[in-house]
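The block underneath contains the structure these notes are about, expressed in structure tokens.
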Amino acid sequence: MRLTKFTHACVRLEDGDRRLLIDPGVWTEAEAFDGVTDILITHEHDDHVDAERINELTASRQLQIFAPEPVRALLPTATVVGAGDEFKAAGFQVTAVGGQHAEIIDGLPGCTNLGYVVDGVYHPGDSYFVPETPVTTLLVPAAAPWAKHREAIEMTRAIAPRRAFPIHDRMLSTDIGFANFDAWMDFKSETAYARIALGESADLD
């Protein structure tokens with residue numbers, strides 16, 4: 001399986017001719033959609049779902065979209081899934097986990113958020129939820145109004161994946177923010193940690 005990193009929280013998983021896209025938001029590059037047949041959306045915030053572009057694509061090609069119920073207001077063709085659901089997307093085995101967006105303050109944003117474990121690769125969306133489903137590759141959130149280094153490290157330790165890569169990092173500067181987050185994760189996460197450059201891939205064994 002190959003994992004390709006796109007801007008912010010978007011990644012693409014590939015295995016042969018199977019291509020699955022997760023959380024293509026408004027900052028996602030157009031090439032992320034190349035060859036994709038299925039899309040997973042964690043929640044309705046526009047940094048995770050570019051509704052206008054996805055709706056345009058579904059009008060012109062076959063795309064199967066899986067998302068929590070509130071996303072149907074943005075993507076009418078989406079198949080609704082919930083925490084605990086197991087299903088196939090682009091031929092990959094998927095388990096939906098979690099259920100709630102991480103709190104910023106005072107209960108906000110208070111919206112649904114699903115994480116997805118895809119053949120051992122875990123994309124948590126906007127949460128630090130620790131699933132019971134085994135995880136070999138963790139995509140760990142790096143920067144957000146709700147995010148802390150400590151919680152990212154503790155999540156990684158609790159899950160104990162074979163490897164971890166950062167996502168949700170558009171708000172960091174490339175020269176200072178990336179280096180600071182990476183240094184702490186490398187120092188304290190207790191797993192093999194590395195950054196995937198934008199548009200680059202990692203082969204997962």
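In the structure tokens, the first chain shown is A, the next is B, and so on; residue numbers restart at 1 for each chain, and ligands run from 1 in the order shown.
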Task: Selection near Pro161 of chain A, 9 Å with only C-alpha atoms, sequence-local residues under 2 positions removed, as a list in words - done: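 Counting only C-alpha atoms, the residues come to Pro134, Val135, Thr136, Thr137, Leu138, Thr156, Arg157, Ala158, Ile159, Arg163, Ala164, Thr191 and Ala192 of chain A.
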Export of prior selection with all heavy atoms as a CSV table (one decimal), in the first residue's frame:
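The file below, part-v3.csv, is the result:
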```csv
chain,number,residue,atom,x,y,z
A,134,PRO,N,-6.8,-2.5,15.7
A,134,PRO,CA,-5.4,-2.4,15.6
A,134,PRO,C,-4.9,-1.4,14.6
A,134,PRO,O,-5.5,-1.3,13.5
A,134,PRO,CB,-5.0,-3.8,15.2
A,134,PRO,CG,-6.1,-4.7,15.7
A,134,PRO,CD,-7.3,-3.8,15.5
A,135,VAL,N,-3.9,-0.6,14.9
A,135,VAL,CA,-3.4,0.4,14.0
A,135,VAL,C,-1.9,0.2,13.8
A,135,VAL,O,-1.1,0.1,14.7
A,135,VAL,CB,-3.6,1.8,14.6
A,135,VAL,CG1,-2.9,2.9,13.8
A,135,VAL,CG2,-5.1,2.1,14.7
A,136,THR,N,-1.5,0.1,12.5
A,136,THR,CA,-0.1,0.0,12.2
A,136,THR,C,0.5,1.4,11.8
A,136,THR,O,1.7,1.6,12.1
A,136,THR,CB,0.2,-1.0,11.1
A,136,THR,OG1,-0.6,-0.6,9.9
A,136,THR,CG2,-0.2,-2.4,11.5
A,137,THR,N,-0.3,2.2,11.1
A,137,THR,CA,0.2,3.5,10.7
A,137,THR,C,-0.8,4.6,11.2
A,137,THR,O,-2.0,4.6,10.9
A,137,THR,CB,0.2,3.6,9.1
A,137,THR,OG1,1.1,2.6,8.7
A,137,THR,CG2,0.7,5.0,8.7
A,138,LEU,N,-0.3,5.5,12.0
A,138,LEU,CA,-1.1,6.6,12.6
A,138,LEU,C,-0.8,7.9,11.8
A,138,LEU,O,0.3,8.3,11.7
A,138,LEU,CB,-0.8,6.8,14.0
A,138,LEU,CG,-1.4,8.0,14.7
A,138,LEU,CD1,-3.0,7.9,14.7
A,138,LEU,CD2,-0.9,8.1,16.2
A,156,THR,N,-0.4,9.0,20.3
A,156,THR,CA,0.6,8.1,19.6
A,156,THR,C,1.0,7.0,20.6
A,156,THR,O,1.1,5.8,20.2
A,156,THR,CB,1.7,8.9,19.1
A,156,THR,OG1,1.2,10.0,18.3
A,156,THR,CG2,2.6,8.0,18.2
A,157,ARG,N,1.4,7.4,21.8
A,157,ARG,CA,1.8,6.4,22.8
A,157,ARG,C,0.7,5.4,23.1
A,157,ARG,O,1.0,4.2,23.2
A,157,ARG,CB,2.3,7.0,24.0
A,157,ARG,CG,3.6,7.8,24.0
A,157,ARG,CD,3.8,8.5,25.3
A,157,ARG,NE,5.2,9.0,25.4
A,157,ARG,CZ,5.6,9.7,26.5
A,157,ARG,NH1,4.7,9.9,27.5
A,157,ARG,NH2,6.8,10.2,26.5
A,158,ALA,N,-0.5,5.9,23.2
A,158,ALA,CA,-1.6,5.0,23.6
A,158,ALA,C,-1.9,4.0,22.5
A,158,ALA,O,-2.3,2.8,22.7
A,158,ALA,CB,-2.9,5.8,23.9
A,159,ILE,N,-1.8,4.5,21.2
A,159,ILE,CA,-2.1,3.6,20.1
A,159,ILE,C,-1.0,2.7,19.8
A,159,ILE,O,-1.2,1.5,19.3
A,159,ILE,CB,-2.5,4.5,18.8
A,159,ILE,CG1,-3.8,5.2,19.1
A,159,ILE,CG2,-2.5,3.6,17.6
A,159,ILE,CD1,-4.2,6.2,18.0
A,163,ARG,N,4.3,3.1,12.9
A,163,ARG,CA,4.9,4.3,12.4
A,163,ARG,C,3.8,5.4,12.5
A,163,ARG,O,2.6,5.1,12.7
A,163,ARG,CB,5.3,4.1,10.9
A,163,ARG,CG,4.1,3.8,10.0
A,163,ARG,CD,4.5,3.6,8.6
A,163,ARG,NE,5.2,2.4,8.4
A,163,ARG,CZ,4.5,1.2,8.1
A,163,ARG,NH1,3.2,1.2,8.1
A,163,ARG,NH2,5.2,0.1,7.9
A,164,ALA,N,4.3,6.7,12.5
A,164,ALA,CA,3.3,7.8,12.5
A,164,ALA,C,3.8,8.9,11.5
A,164,ALA,O,5.0,9.1,11.4
A,164,ALA,CB,3.2,8.3,13.9
A,191,THR,N,7.6,5.8,18.6
A,191,THR,CA,7.3,5.1,17.4
A,191,THR,C,8.2,5.6,16.3
A,191,THR,O,8.9,6.7,16.5
A,191,THR,CB,5.9,5.2,16.9
A,191,THR,OG1,5.6,4.2,15.9
A,191,THR,CG2,5.5,6.5,16.4
A,192,ALA,N,8.3,5.0,15.1
A,192,ALA,CA,9.1,5.5,14.0
A,192,ALA,C,8.3,6.6,13.4
A,192,ALA,O,7.2,6.4,12.8
A,192,ALA,CB,9.3,4.4,13.0
```
Open item on the list: Rounded to one decimal, what separation in Å do you get between atom CA of Glu31 of chain A and atom CA of Val71 of chain A?
Closed with: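 Atom-to-atom, atom CA of Glu31 of chain A to atom CA of Val71 of chain A, that is 22.9 Å.
For Ala51 of chain A, the set of protein, DNA and RNA residues having any atom at most 10 Å away, when counting only C-alpha atoms and skipping those fewer than 5 positions along the same chain, is Pro24, Gly25, Val26, Glu44, His45, Asp46, Glu56, Leu57, Val71, Ala73, Leu74, Leu75 and Pro76 of chain A.
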Open item on the list: For the helix (DSSP H, G or I) assignment from backbone DSSP, which residues of chain A qualify? Please present them as a PyMOL selection string.
Closed with: chain A and resi 30-33+51-60+69-73+149-159+177-188
When you look at Lys148 of chain A with a cut-off of 12 Å (counting only C-alpha atoms), what residues show up, excluding the ones that are within fewer than 4 positions of it in the same chain? I need them as a PDB file with all heavy atoms, in the first residue's frame.
```pdb
ATOM      1  N   ALA A 102     -12.810  17.054  18.490  1.00  0.00           N
ATOM      2  CA  ALA A 102     -12.121  17.533  19.687  1.00  0.00           C
ATOM      3  C   ALA A 102     -12.639  18.919  20.066  1.00  0.00           C
ATOM      4  O   ALA A 102     -12.937  19.748  19.207  1.00  0.00           O
ATOM      5  CB  ALA A 102     -10.617  17.589  19.432  1.00  0.00           C
ATOM      6  N   GLU A 103     -12.734  19.162  21.361  1.00  0.00           N
ATOM      7  CA  GLU A 103     -13.240  20.444  21.842  1.00  0.00           C
ATOM      8  C   GLU A 103     -12.187  21.538  21.706  1.00  0.00           C
ATOM      9  O   GLU A 103     -11.008  21.323  22.005  1.00  0.00           O
ATOM     10  CB  GLU A 103     -13.652  20.328  23.310  1.00  0.00           C
ATOM     11  CG  GLU A 103     -14.218  21.610  23.886  1.00  0.00           C
ATOM     12  CD  GLU A 103     -14.535  21.496  25.366  1.00  0.00           C
ATOM     13  OE1 GLU A 103     -13.964  20.613  26.035  1.00  0.00           O
ATOM     14  OE2 GLU A 103     -15.349  22.300  25.859  1.00  0.00           O
ATOM     15  N   ILE A 104     -12.612  22.706  21.232  1.00  0.00           N
ATOM     16  CA  ILE A 104     -11.749  23.892  21.241  1.00  0.00           C
ATOM     17  C   ILE A 104     -11.898  24.602  22.586  1.00  0.00           C
ATOM     18  O   ILE A 104     -10.940  24.736  23.343  1.00  0.00           O
ATOM     19  CB  ILE A 104     -12.094  24.849  20.078  1.00  0.00           C
ATOM     20  CG1 ILE A 104     -11.859  24.143  18.730  1.00  0.00           C
ATOM     21  CG2 ILE A 104     -11.260  26.126  20.163  1.00  0.00           C
ATOM     22  CD1 ILE A 104     -12.324  24.947  17.537  1.00  0.00           C
ATOM     23  N   SER A 127      -9.669  14.750  15.888  1.00  0.00           N
ATOM     24  CA  SER A 127      -9.837  14.133  17.205  1.00  0.00           C
ATOM     25  C   SER A 127      -8.550  13.434  17.612  1.00  0.00           C
ATOM     26  O   SER A 127      -7.674  13.183  16.778  1.00  0.00           O
ATOM     27  CB  SER A 127     -10.988  13.119  17.202  1.00  0.00           C
ATOM     28  OG  SER A 127     -10.564  11.878  16.664  1.00  0.00           O
ATOM     29  N   TYR A 128      -8.485  13.115  18.903  1.00  0.00           N
ATOM     30  CA  TYR A 128      -7.410  12.296  19.437  1.00  0.00           C
ATOM     31  C   TYR A 128      -7.958  10.959  19.925  1.00  0.00           C
ATOM     32  O   TYR A 128      -7.387  10.330  20.816  1.00  0.00           O
ATOM     33  CB  TYR A 128      -6.714  13.017  20.593  1.00  0.00           C
ATOM     34  CG  TYR A 128      -5.912  14.232  20.181  1.00  0.00           C
ATOM     35  CD1 TYR A 128      -6.213  15.491  20.699  1.00  0.00           C
ATOM     36  CD2 TYR A 128      -4.847  14.127  19.291  1.00  0.00           C
ATOM     37  CE1 TYR A 128      -5.474  16.609  20.329  1.00  0.00           C
ATOM     38  CE2 TYR A 128      -4.101  15.228  18.919  1.00  0.00           C
ATOM     39  CZ  TYR A 128      -4.424  16.469  19.444  1.00  0.00           C
ATOM     40  OH  TYR A 128      -3.678  17.573  19.085  1.00  0.00           O
ATOM     41  N   VAL A 140      -1.189  11.524  12.585  1.00  0.00           N
ATOM     42  CA  VAL A 140      -1.387  12.250  13.836  1.00  0.00           C
ATOM     43  C   VAL A 140      -1.573  13.746  13.571  1.00  0.00           C
ATOM     44  O   VAL A 140      -0.775  14.361  12.870  1.00  0.00           O
ATOM     45  CB  VAL A 140      -0.212  11.983  14.819  1.00  0.00           C
ATOM     46  CG1 VAL A 140       1.113  12.392  14.221  1.00  0.00           C
ATOM     47  CG2 VAL A 140      -0.447  12.674  16.142  1.00  0.00           C
ATOM     48  N   PRO A 141      -2.654  14.342  14.089  1.00  0.00           N
ATOM     49  CA  PRO A 141      -2.878  15.784  13.885  1.00  0.00           C
ATOM     50  C   PRO A 141      -1.777  16.620  14.511  1.00  0.00           C
ATOM     51  O   PRO A 141      -1.373  16.385  15.656  1.00  0.00           O
ATOM     52  CB  PRO A 141      -4.230  16.024  14.577  1.00  0.00           C
ATOM     53  CG  PRO A 141      -4.901  14.687  14.619  1.00  0.00           C
ATOM     54  CD  PRO A 141      -3.775  13.704  14.799  1.00  0.00           C
ATOM     55  N   ALA A 142      -1.309  17.635  13.757  1.00  0.00           N
ATOM     56  CA  ALA A 142      -0.155  18.412  14.198  1.00  0.00           C
ATOM     57  C   ALA A 142      -0.501  19.810  14.698  1.00  0.00           C
ATOM     58  O   ALA A 142       0.164  20.301  15.613  1.00  0.00           O
ATOM     59  CB  ALA A 142       0.862  18.530  13.058  1.00  0.00           C
ATOM     60  N   ALA A 143      -1.515  20.466  14.109  1.00  0.00           N
ATOM     61  CA  ALA A 143      -1.783  21.856  14.496  1.00  0.00           C
ATOM     62  C   ALA A 143      -3.231  22.209  14.232  1.00  0.00           C
ATOM     63  O   ALA A 143      -3.765  21.931  13.157  1.00  0.00           O
ATOM     64  CB  ALA A 143      -0.875  22.802  13.714  1.00  0.00           C
ATOM     65  N   ALA A 144      -3.872  22.834  15.232  1.00  0.00           N
ATOM     66  CA  ALA A 144      -5.267  23.256  15.114  1.00  0.00           C
ATOM     67  C   ALA A 144      -5.621  24.064  16.352  1.00  0.00           C
ATOM     68  O   ALA A 144      -4.894  24.017  17.356  1.00  0.00           O
ATOM     69  CB  ALA A 144      -6.196  22.045  15.002  1.00  0.00           C
ATOM     70  N   ALA A 152      -1.067  14.988  21.116  1.00  0.00           N
ATOM     71  CA  ALA A 152      -0.609  14.220  19.961  1.00  0.00           C
ATOM     72  C   ALA A 152       0.354  13.119  20.385  1.00  0.00           C
ATOM     73  O   ALA A 152       0.283  11.975  19.910  1.00  0.00           O
ATOM     74  CB  ALA A 152       0.049  15.147  18.941  1.00  0.00           C
ATOM     75  N   ILE A 153       1.263  13.457  21.292  1.00  0.00           N
ATOM     76  CA  ILE A 153       2.225  12.473  21.780  1.00  0.00           C
ATOM     77  C   ILE A 153       1.526  11.384  22.584  1.00  0.00           C
ATOM     78  O   ILE A 153       1.779  10.182  22.413  1.00  0.00           O
ATOM     79  CB  ILE A 153       3.317  13.161  22.623  1.00  0.00           C
ATOM     80  CG1 ILE A 153       4.192  14.048  21.719  1.00  0.00           C
ATOM     81  CG2 ILE A 153       4.182  12.128  23.347  1.00  0.00           C
ATOM     82  CD1 ILE A 153       5.089  15.001  22.484  1.00  0.00           C
ATOM     83  N   GLU A 154       0.610  11.784  23.478  1.00  0.00           N
ATOM     84  CA  GLU A 154      -0.098  10.801  24.294  1.00  0.00           C
ATOM     85  C   GLU A 154      -0.964   9.891  23.445  1.00  0.00           C
ATOM     86  O   GLU A 154      -1.052   8.675  23.711  1.00  0.00           O
ATOM     87  CB  GLU A 154      -0.936  11.521  25.351  1.00  0.00           C
ATOM     88  CG  GLU A 154      -0.099  12.160  26.439  1.00  0.00           C
ATOM     89  CD  GLU A 154      -0.898  12.955  27.449  1.00  0.00           C
ATOM     90  OE1 GLU A 154      -2.075  13.286  27.153  1.00  0.00           O
ATOM     91  OE2 GLU A 154      -0.370  13.228  28.542  1.00  0.00           O
ATOM     92  N   MET A 155      -1.608  10.432  22.418  1.00  0.00           N
ATOM     93  CA  MET A 155      -2.407   9.606  21.504  1.00  0.00           C
ATOM     94  C   MET A 155      -1.515   8.566  20.818  1.00  0.00           C
ATOM     95  O   MET A 155      -1.856   7.386  20.718  1.00  0.00           O
ATOM     96  CB  MET A 155      -3.072  10.494  20.457  1.00  0.00           C
ATOM     97  CG  MET A 155      -3.807   9.744  19.356  1.00  0.00           C
ATOM     98  SD  MET A 155      -4.101  10.828  17.943  1.00  0.00           S
ATOM     99  CE  MET A 155      -5.316   9.896  17.052  1.00  0.00           C
ATOM    100  N   PHE A 181       7.249  20.669  15.796  1.00  0.00           N
ATOM    101  CA  PHE A 181       6.368  19.522  16.022  1.00  0.00           C
ATOM    102  C   PHE A 181       7.119  18.218  15.768  1.00  0.00           C
ATOM    103  O   PHE A 181       7.039  17.272  16.558  1.00  0.00           O
ATOM    104  CB  PHE A 181       5.141  19.606  15.122  1.00  0.00           C
ATOM    105  CG  PHE A 181       4.149  18.493  15.350  1.00  0.00           C
ATOM    106  CD1 PHE A 181       3.259  18.554  16.409  1.00  0.00           C
ATOM    107  CD2 PHE A 181       4.133  17.385  14.520  1.00  0.00           C
ATOM    108  CE1 PHE A 181       2.348  17.521  16.641  1.00  0.00           C
ATOM    109  CE2 PHE A 181       3.233  16.350  14.743  1.00  0.00           C
ATOM    110  CZ  PHE A 181       2.340  16.413  15.803  1.00  0.00           C
ATOM    111  N   TRP A 184       9.538  17.189  18.647  1.00  0.00           N
ATOM    112  CA  TRP A 184       8.886  16.623  19.820  1.00  0.00           C
ATOM    113  C   TRP A 184       8.362  15.218  19.555  1.00  0.00           C
ATOM    114  O   TRP A 184       8.474  14.325  20.402  1.00  0.00           O
ATOM    115  CB  TRP A 184       7.754  17.545  20.292  1.00  0.00           C
ATOM    116  CG  TRP A 184       8.246  18.651  21.158  1.00  0.00           C
ATOM    117  CD1 TRP A 184       8.419  19.962  20.822  1.00  0.00           C
ATOM    118  CD2 TRP A 184       8.674  18.538  22.511  1.00  0.00           C
ATOM    119  NE1 TRP A 184       8.924  20.672  21.874  1.00  0.00           N
ATOM    120  CE2 TRP A 184       9.086  19.826  22.934  1.00  0.00           C
ATOM    121  CE3 TRP A 184       8.747  17.479  23.417  1.00  0.00           C
ATOM    122  CZ2 TRP A 184       9.553  20.078  24.217  1.00  0.00           C
ATOM    123  CZ3 TRP A 184       9.213  17.733  24.706  1.00  0.00           C
ATOM    124  CH2 TRP A 184       9.614  19.014  25.090  1.00  0.00           C
ATOM    125  N   MET A 185       7.778  15.002  18.378  1.00  0.00           N
ATOM    126  CA  MET A 185       7.270  13.668  18.050  1.00  0.00           C
ATOM    127  C   MET A 185       8.412  12.661  17.949  1.00  0.00           C
ATOM    128  O   MET A 185       8.307  11.525  18.421  1.00  0.00           O
ATOM    129  CB  MET A 185       6.474  13.708  16.745  1.00  0.00           C
ATOM    130  CG  MET A 185       5.131  14.408  16.854  1.00  0.00           C
ATOM    131  SD  MET A 185       3.972  13.592  18.002  1.00  0.00           S
ATOM    132  CE  MET A 185       3.714  12.018  17.171  1.00  0.00           C
TER     133      MET A 185
END
```
TODO: Taking the DSSP assignment computed from this structure's backbone, write out as a ChimeraX atom specification all residues of segment 8-186 of chain A that belong to strand (DSSP E or B).
DONE: /A:11-15,18-22,38-40,64-67,79-80,86-89,92-100,105,108,112-118,121-123,137-141,163-167
Task: Contacts of Phe66 of chain A within 12 Å, only C-alpha atoms, excl. fewer than 2 positions in-chain, as a PyMOL selection string - done: chain A and resi 20-23+37-43+49+63-64+68-72+75-82+85-90+94-96+114-116
Open item on the list: Could you tell me how far atom CA of Asp169 of chain A sits from atom CA of Arg18 of chain A, in Å to one decimal place?
Closed with: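 Between atom CA of Arg18 of chain A and atom CA of Asp169 of chain A the gap works out to 26.1 Å.
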Task: Å distance separating atom CA of Arg19 of chain A from atom CA of Ser173 of chain A, one decimal place - done: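 Atom-to-atom, atom CA of Arg19 of chain A to atom CA of Ser173 of chain A, that is 29.4 Å.
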- [ ] For each of A:His123, A:Glu29, A:Thr4, A:Gly35, take the minimum atom-to-atom distance to Asp17 of chain A, counting only C-alpha atoms, then give the residue where this is smallest.
- [x]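 Under the stated criterion, the closest residue is A:Gly35.
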